[in-house]
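J.: Input file: upload_34.csv. Contents: CSV, C-alpha atoms.
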chain,number,residue,atom,x,y,z
A,1,MET,CA,23.0,-15.0,-16.8
A,2,THR,CA,19.7,-16.1,-18.3
A,3,ILE,CA,18.4,-14.4,-21.4
A,4,PRO,CA,14.9,-15.2,-22.6
A,5,ASP,CA,15.0,-17.4,-25.7
A,6,PRO,CA,11.4,-18.1,-26.8
A,7,VAL,CA,11.7,-15.4,-29.5
A,8,THR,CA,10.3,-17.1,-32.6
A,9,LEU,CA,7.9,-15.0,-34.7
A,10,HIS,CA,9.3,-13.3,-37.8
A,11,LEU,CA,7.7,-10.7,-40.0
A,12,GLU,CA,6.0,-13.2,-42.3
A,13,ASP,CA,4.5,-15.1,-39.3
A,14,LEU,CA,2.4,-12.1,-38.2
A,15,ALA,CA,-1.0,-11.0,-39.4
A,16,VAL,CA,-3.1,-8.0,-38.6
A,17,GLY,CA,-5.4,-9.0,-35.7
A,18,ASP,CA,-3.1,-11.5,-34.1
A,19,HIS,CA,-3.5,-11.4,-30.4
A,20,PHE,CA,-1.1,-12.2,-27.5
A,21,ARG,CA,-1.8,-12.3,-23.8
A,22,SER,CA,1.0,-11.9,-21.3
A,23,GLY,CA,1.6,-13.4,-17.9
A,24,GLU,CA,0.8,-11.4,-14.8
A,25,HIS,CA,2.8,-9.0,-12.5
A,26,ALA,CA,1.6,-8.0,-9.0
A,27,ILE,CA,2.7,-4.5,-7.9
A,28,ASP,CA,3.0,-3.5,-4.2
A,29,VAL,CA,3.8,-0.4,-2.2
A,30,ALA,CA,7.5,-1.2,-1.9
A,31,GLN,CA,7.9,-1.5,-5.7
A,32,ILE,CA,6.0,1.7,-6.3
A,33,LYS,CA,8.2,3.7,-3.9
A,34,ALA,CA,11.4,2.1,-5.1
A,35,PHE,CA,10.8,3.0,-8.7
A,36,ALA,CA,9.5,6.5,-7.8
A,37,GLY,CA,12.5,7.2,-5.6
A,38,GLN,CA,14.8,6.4,-8.5
A,39,PHE,CA,12.9,7.9,-11.4
A,40,ASP,CA,9.8,9.8,-10.5
A,41,PRO,CA,10.3,11.3,-7.0
A,42,GLN,CA,6.9,13.0,-6.6
A,43,PRO,CA,4.7,12.9,-3.4
A,44,PHE,CA,1.8,11.0,-5.0
A,45,HIS,CA,4.3,8.1,-5.8
A,46,LEU,CA,6.3,8.2,-2.6
A,47,ASP,CA,4.0,8.8,0.4
A,48,GLU,CA,0.5,7.6,1.2
A,49,GLU,CA,-0.4,10.7,3.4
A,50,ALA,CA,0.9,13.2,0.9
A,51,ALA,CA,-0.8,11.3,-2.0
A,52,ARG,CA,-4.2,11.7,-0.4
A,53,LEU,CA,-3.9,15.5,-0.9
A,54,THR,CA,-3.2,15.3,-4.6
A,55,LEU,CA,-5.2,14.6,-7.8
A,56,PHE,CA,-4.5,10.9,-7.3
A,57,ASP,CA,-6.3,10.7,-3.9
A,58,GLY,CA,-3.9,8.0,-2.7
A,59,LEU,CA,-0.6,6.3,-3.6
A,60,ALA,CA,-0.3,5.6,-7.3
A,61,ALA,CA,2.5,4.1,-9.4
A,62,SER,CA,4.4,6.3,-11.8
A,63,GLY,CA,3.1,5.9,-15.3
A,64,TRP,CA,6.7,5.1,-16.3
A,65,HIS,CA,6.6,2.3,-13.8
A,66,THR,CA,3.4,0.9,-15.4
A,67,ALA,CA,5.2,1.3,-18.8
A,68,ALA,CA,8.3,-0.6,-17.5
A,69,ILE,CA,6.2,-3.4,-16.0
A,70,THR,CA,4.3,-3.7,-19.3
A,71,MET,CA,7.7,-4.0,-21.2
A,72,ARG,CA,8.8,-6.7,-18.8
A,73,LEU,CA,5.6,-8.6,-19.4
A,74,LEU,CA,5.9,-8.3,-23.2
A,75,VAL,CA,9.5,-9.3,-23.2
A,76,THR,CA,9.1,-12.3,-20.9
A,77,SER,CA,5.8,-13.6,-22.0
A,78,GLY,CA,3.7,-11.3,-24.1
A,79,LEU,CA,5.1,-10.9,-27.6
A,80,PRO,CA,7.6,-13.5,-28.9
A,81,LEU,CA,9.1,-11.5,-31.8
A,82,SER,CA,12.2,-12.6,-33.6
A,83,GLY,CA,15.2,-10.4,-32.8
A,84,GLY,CA,13.5,-9.1,-29.7
A,85,LEU,CA,11.2,-6.1,-29.0
A,86,ILE,CA,12.8,-3.0,-30.6
A,87,GLY,CA,10.6,0.0,-30.6
A,88,ALA,CA,11.1,3.0,-32.9
A,89,GLY,CA,8.3,5.0,-31.3
A,90,VAL,CA,5.3,4.7,-29.0
A,91,GLU,CA,2.2,6.4,-27.9
A,92,ILE,CA,1.0,5.9,-24.3
A,93,HIS,CA,-2.1,6.9,-22.5
A,94,TRP,CA,-2.8,6.3,-18.8
A,95,PRO,CA,-6.6,6.4,-18.3
A,96,GLN,CA,-6.3,5.6,-14.6
A,97,PRO,CA,-3.4,5.0,-12.2
A,98,THR,CA,-1.9,1.7,-11.2
A,99,ARG,CA,-2.4,1.1,-7.4
A,100,PRO,CA,-0.7,-1.0,-4.8
A,101,GLY,CA,-2.1,-4.5,-4.9
A,102,ASP,CA,-2.9,-4.4,-8.6
A,103,VAL,CA,-2.1,-7.5,-10.7
A,104,LEU,CA,-1.4,-6.4,-14.2
A,105,HIS,CA,-1.4,-8.3,-17.5
A,106,VAL,CA,-1.0,-7.1,-21.1
A,107,ASP,CA,-3.2,-7.9,-24.1
A,108,SER,CA,-1.5,-7.1,-27.4
A,109,THR,CA,-3.0,-7.0,-30.9
A,110,VAL,CA,-1.2,-6.5,-34.2
A,111,LEU,CA,-2.7,-3.4,-35.9
A,112,GLY,CA,-0.5,-3.1,-39.0
A,113,ILE,CA,2.5,-4.6,-40.8
A,114,VAL,CA,4.5,-2.6,-43.3
A,115,PRO,CA,7.5,-4.3,-45.0
A,116,SER,CA,10.5,-1.9,-45.4
A,117,ARG,CA,11.2,-0.8,-48.9
A,118,SER,CA,14.8,0.2,-48.4
A,119,ARG,CA,15.7,-2.8,-46.1
A,120,PRO,CA,14.1,-6.0,-47.4
A,121,ASP,CA,15.2,-8.0,-44.4
A,122,ARG,CA,12.7,-6.3,-42.0
A,123,GLY,CA,9.5,-4.4,-41.5
A,124,ILE,CA,7.6,-2.2,-39.1
A,125,VAL,CA,4.8,-3.8,-37.1
A,126,THR,CA,2.3,-1.6,-35.2
A,127,VAL,CA,1.1,-3.3,-32.0
A,128,GLU,CA,-1.5,-2.1,-29.5
A,129,SER,CA,-0.7,-3.3,-25.9
A,130,VAL,CA,-3.4,-2.7,-23.3
A,131,THR,CA,-2.4,-3.2,-19.7
A,132,ARG,CA,-5.2,-4.2,-17.4
A,133,ASN,CA,-5.5,-4.8,-13.7
A,134,GLN,CA,-7.3,-7.7,-11.9
A,135,ARG,CA,-10.6,-6.0,-12.4
A,136,ASP,CA,-9.9,-5.7,-16.2
A,137,GLU,CA,-9.7,-1.9,-15.8
A,138,VAL,CA,-7.3,-0.4,-18.3
A,139,VAL,CA,-4.4,1.4,-16.7
A,140,GLN,CA,-2.4,1.9,-19.9
A,141,ARG,CA,-2.8,1.9,-23.6
A,142,LEU,CA,0.4,1.6,-25.6
A,143,VAL,CA,0.8,1.7,-29.3
A,144,SER,CA,4.3,0.7,-30.5
A,145,LYS,CA,6.0,0.7,-33.8
A,146,MET,CA,8.5,-2.1,-33.8
A,147,VAL,CA,11.2,-3.3,-36.1
A,148,VAL,CA,10.7,-7.0,-36.9
A,149,MET,CA,13.1,-9.1,-39.0
A,150,ARG,CA,12.2,-11.5,-41.8
A,151,ARG,CA,13.2,-15.1,-41.5
A,152,GLY,CA,16.6,-15.8,-43.0
A,153,ASP,CA,16.8,-18.1,-46.1
B,1,MET,CA,12.2,11.4,3.3
B,2,THR,CA,12.9,14.4,1.0
B,3,ILE,CA,10.3,15.3,-1.6
B,4,PRO,CA,11.3,18.0,-4.1
B,5,ASP,CA,9.6,21.3,-3.4
B,6,PRO,CA,10.5,23.9,-6.0
B,7,VAL,CA,7.2,23.3,-7.8
B,8,THR,CA,6.0,26.8,-8.5
B,9,LEU,CA,4.6,27.4,-12.0
B,10,HIS,CA,0.8,27.4,-12.4
B,11,LEU,CA,-1.2,27.4,-15.6
B,12,GLU,CA,-1.3,31.1,-15.9
B,13,ASP,CA,2.5,31.4,-15.5
B,14,LEU,CA,3.1,29.4,-18.7
B,15,ALA,CA,3.3,30.6,-22.3
B,16,VAL,CA,3.8,28.8,-25.5
B,17,GLY,CA,7.5,28.8,-26.3
B,18,ASP,CA,8.7,28.8,-22.7
B,19,HIS,CA,11.8,26.8,-22.4
B,20,PHE,CA,13.4,24.8,-19.5
B,21,ARG,CA,16.7,23.0,-19.4
B,22,SER,CA,17.3,20.2,-16.9
B,23,GLY,CA,20.4,19.2,-15.0
B,24,GLU,CA,22.4,16.2,-16.2
B,25,HIS,CA,22.5,12.4,-15.6
B,26,ALA,CA,25.4,10.2,-16.5
B,27,ILE,CA,24.5,6.6,-17.4
B,28,ASP,CA,26.9,3.6,-17.1
B,29,VAL,CA,26.9,-0.1,-17.8
B,30,ALA,CA,25.8,-1.0,-14.3
B,31,GLN,CA,22.7,1.2,-14.5
B,32,ILE,CA,21.8,-0.1,-18.0
B,33,LYS,CA,22.1,-3.8,-16.9
B,34,ALA,CA,20.2,-3.2,-13.6
B,35,PHE,CA,17.2,-1.5,-15.3
B,36,ALA,CA,17.2,-4.1,-18.1
B,37,GLY,CA,17.4,-7.0,-15.7
B,38,GLN,CA,14.3,-5.7,-13.9
B,39,PHE,CA,12.2,-4.4,-16.8
B,40,ASP,CA,13.6,-5.1,-20.3
B,41,PRO,CA,15.6,-8.3,-20.1
B,42,GLN,CA,16.8,-8.5,-23.7
B,43,PRO,CA,20.4,-9.4,-24.8
B,44,PHE,CA,21.2,-6.0,-26.3
B,45,HIS,CA,20.5,-4.3,-22.9
B,46,LEU,CA,22.2,-7.0,-20.8
B,47,ASP,CA,25.3,-8.4,-22.4
B,48,GLU,CA,28.0,-6.5,-24.4
B,49,GLU,CA,29.0,-9.6,-26.5
B,50,ALA,CA,25.5,-10.6,-27.4
B,51,ALA,CA,24.6,-6.9,-28.1
B,52,ARG,CA,27.3,-6.8,-30.8
B,53,LEU,CA,25.3,-9.3,-32.9
B,54,THR,CA,22.1,-7.3,-32.8
B,55,LEU,CA,20.7,-4.3,-34.6
B,56,PHE,CA,22.2,-2.2,-31.8
B,57,ASP,CA,25.8,-3.3,-32.5
B,58,GLY,CA,26.8,-2.9,-28.9
B,59,LEU,CA,25.2,-2.4,-25.4
B,60,ALA,CA,22.3,0.1,-25.4
B,61,ALA,CA,20.0,1.3,-22.7
B,62,SER,CA,16.4,0.3,-22.9
B,63,GLY,CA,14.3,3.0,-24.3
B,64,TRP,CA,12.2,2.8,-21.2
B,65,HIS,CA,15.3,3.5,-19.2
B,66,THR,CA,16.0,6.6,-21.2
B,67,ALA,CA,12.3,7.6,-20.6
B,68,ALA,CA,12.7,7.0,-16.9
B,69,ILE,CA,15.9,9.0,-16.6
B,70,THR,CA,14.2,11.8,-18.6
B,71,MET,CA,11.4,11.8,-16.1
B,72,ARG,CA,13.8,12.0,-13.2
B,73,LEU,CA,15.5,15.0,-14.8
B,74,LEU,CA,12.2,16.7,-15.4
B,75,VAL,CA,10.9,16.1,-11.9
B,76,THR,CA,14.1,17.1,-10.1
B,77,SER,CA,15.3,20.0,-12.3
B,78,GLY,CA,13.6,20.3,-15.6
B,79,LEU,CA,10.0,21.5,-15.4
B,80,PRO,CA,8.8,23.1,-12.1
B,81,LEU,CA,5.0,22.8,-12.5
B,82,SER,CA,2.6,23.3,-9.7
B,83,GLY,CA,1.1,20.1,-8.4
B,84,GLY,CA,3.8,18.1,-10.0
B,85,LEU,CA,4.2,16.4,-13.4
B,86,ILE,CA,1.1,14.5,-14.1
B,87,GLY,CA,0.9,13.1,-17.7
B,88,ALA,CA,-2.4,12.1,-19.3
B,89,GLY,CA,-0.6,10.8,-22.4
B,90,VAL,CA,2.7,10.9,-24.3
B,91,GLU,CA,4.4,10.2,-27.6
B,92,ILE,CA,8.0,9.0,-27.6
B,93,HIS,CA,10.5,8.5,-30.3
B,94,TRP,CA,14.0,7.1,-29.8
B,95,PRO,CA,16.0,8.2,-32.9
B,96,GLN,CA,19.2,6.6,-31.5
B,97,PRO,CA,20.1,4.5,-28.5
B,98,THR,CA,21.5,5.8,-25.2
B,99,ARG,CA,25.0,4.2,-24.7
B,100,PRO,CA,27.1,3.6,-21.6
B,101,GLY,CA,29.0,6.8,-20.7
B,102,ASP,CA,26.4,9.1,-22.1
B,103,VAL,CA,25.6,12.2,-20.1
B,104,LEU,CA,21.9,13.1,-20.7
B,105,HIS,CA,20.0,16.4,-20.3
B,106,VAL,CA,16.5,17.4,-21.3
B,107,ASP,CA,15.4,20.6,-23.1
B,108,SER,CA,11.7,21.2,-22.7
B,109,THR,CA,9.5,23.6,-24.7
B,110,VAL,CA,5.8,24.5,-24.1
B,111,LEU,CA,4.0,23.7,-27.3
B,112,GLY,CA,0.4,24.4,-26.3
B,113,ILE,CA,-1.9,25.4,-23.4
B,114,VAL,CA,-5.6,24.6,-23.3
B,115,PRO,CA,-7.7,25.6,-20.2
B,116,SER,CA,-10.2,23.0,-19.2
B,117,ARG,CA,-13.8,23.9,-19.9
B,118,SER,CA,-15.3,21.5,-17.5
B,119,ARG,CA,-12.8,22.0,-14.7
B,120,PRO,CA,-11.9,25.7,-14.4
B,121,ASP,CA,-9.1,25.0,-11.8
B,122,ARG,CA,-6.8,23.3,-14.4
B,123,GLY,CA,-5.7,23.0,-18.0
B,124,ILE,CA,-3.8,20.7,-20.3
B,125,VAL,CA,-0.3,21.8,-21.3
B,126,THR,CA,1.6,20.1,-24.1
B,127,VAL,CA,5.3,20.0,-23.7
B,128,GLU,CA,8.0,18.7,-25.9
B,129,SER,CA,11.0,17.3,-24.0
B,130,VAL,CA,14.1,16.5,-26.1
B,131,THR,CA,16.7,14.3,-24.4
B,132,ARG,CA,20.2,14.8,-25.7
B,133,ASN,CA,23.6,13.2,-24.9
B,134,GLN,CA,26.9,15.0,-24.3
B,135,ARG,CA,27.4,15.4,-28.1
B,136,ASP,CA,24.0,17.0,-28.4
B,137,GLU,CA,22.7,14.0,-30.3
B,138,VAL,CA,19.0,13.4,-29.7
B,139,VAL,CA,18.3,10.1,-28.0
B,140,GLN,CA,14.6,10.7,-27.2
B,141,ARG,CA,11.8,13.0,-28.2
B,142,LEU,CA,8.9,13.1,-25.8
B,143,VAL,CA,5.7,15.0,-26.3
B,144,SER,CA,3.6,15.0,-23.1
B,145,LYS,CA,0.1,16.2,-22.3
B,146,MET,CA,0.1,17.3,-18.7
B,147,VAL,CA,-2.5,18.4,-16.2
B,148,VAL,CA,-1.5,21.8,-14.7
B,149,MET,CA,-3.4,23.6,-12.0
B,150,ARG,CA,-4.4,27.2,-11.8
B,151,ARG,CA,-3.1,29.3,-8.9
B,152,GLY,CA,-5.7,29.4,-6.1
B,153,ASP,CA,-7.4,32.7,-5.2
Would you write the structure of this file as structure tokens?

T.:
Amino acid sequence: MTIPDPVTLHLEDLAVGDHFRSGEHAIDVAQIKAFAGQFDPQPFHLDEEAARLTLFDGLAASGWHTAAITMRLLVTSGLPLSGGLIGAGVEIHWPQPTRPGDVLHVDSTVLGIVPSRSRPDRGIVTVESVTRNQRDEVVQRLVSKMVVMRRGD
Amino acid sequence: MTIPDPVTLHLEDLAVGDHFRSGEHAIDVAQIKAFAGQFDPQPFHLDEEAARLTLFDGLAASGWHTAAITMRLLVTSGLPLSGGLIGAGVEIHWPQPTRPGDVLHVDSTVLGIVPSRSRPDRGIVTVESVTRNQRDEVVQRLVSKMVVMRRGD
């Protein structure tokens, strides 16, 4: 099994305004239907014809699929935090749907850093991660509060 | 293909305080590793031994996996909204991890209903969906703003 290992940034390495750009992920009809069949079985995520009659006006990925792809991009290429990416809470907006053929990437910016008072070995880092398609249209805005460890002595 | 069809509640059928309880979903090691391998490939979601050395102290499901299972429960049994479940934005907290062997269900409560001024055929409904395990411990709190259609004439 391969586990990603380029996890290098500790709490004291981060500064507000730091920016990270992920690699890319191309999404297609098969991925959209497979995810939806398992986790979000609604007509506008499963069937092109049915989708045309809904608010989406055509097949669209589940927002949870966009979120999951965003996480994959962050873990594998987008945000090399020590100890991994451990979210305590998030806010997500989906201003427009992800469509078949979209090629997504994620731009992340550090918004805030708060050292823990009770646990001096860690802190909470707030990161905004904006997922864009190949036309630079925003398909998701994610703000995450993540636990980040300090470097050991 | 089967698409769920018990979608019956329109905007005017909902009231603040309405409650819906979903069916159940049992999660196991294989599901946790399969989801993580695809979307959240971090040691604490992929490998029992490695997970013991992390903040999680044992294998835990990705928070995005808990969110995806929650969505499946809402779509298939938890929240029968007309037009389907279409989220404009959400807030999520994961107060504790989902573990192998957990049996999850979702309790949803309508927190607010705001008819659209610009588009009289719809409104925005705010719903809190709390995902609990078989010991009634909360593994996820989700607050969703959803587009809900009015009944046609």

J.: I'd like the contact shell of region 18-27 of chain A - 8 Å cut-off, only C-alpha atoms, skipping same-chain residues fewer than 3 positions apart - returned as number ranges by chain.

T.: A: 14-15, 31-32, 69, 73-74, 77-79, 99-110

J.: Restricting the calculation to all atoms listed in the file: of B:Gly123, B:Ser62, B:Asp28, B:Thr54, which residue gets closest to Asp40 (chain B)?

T.: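 With all atoms listed in the file as the atom set, the closest residue is B:Ser62.
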
J.: I'd like the interatomic distance between CA of Arg132 (chain B) and CA of Gly17 (chain B), to a tenth of an Å.

T.: 18.9 Å

J.: At a cut-off of 10 Å, list the chain B residues touching chain A, using only C-alpha atoms, as a ChimeraX atom specification.

T.: /B:1-5,35-44,46-47,54-56,62-65,67-76,83-96,140-145,147

J.: Can you tell me which residues surround Arg150 (chain A) at a distance of at most 12 Å, considering only C-alpha atoms, apart from same-chain residues fewer than 3 positions away, and format the answer as a PyMOL selection string?

T.: chain A and resi 8-14+81-83+113-116+119-125+147+153

J.: Hey, can you check how far CA of Thr98 (chain B) sits from CA of Ala61 (chain B)?

T.: 5.4 Å

J.: Interatomic distance between CA of Lys33 (chain A) and CA of Asn133 (chain B)?

T.: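 Computed distance, CA of Lys33 (chain A) to CA of Asn133 (chain B), equals 27.7 Å.
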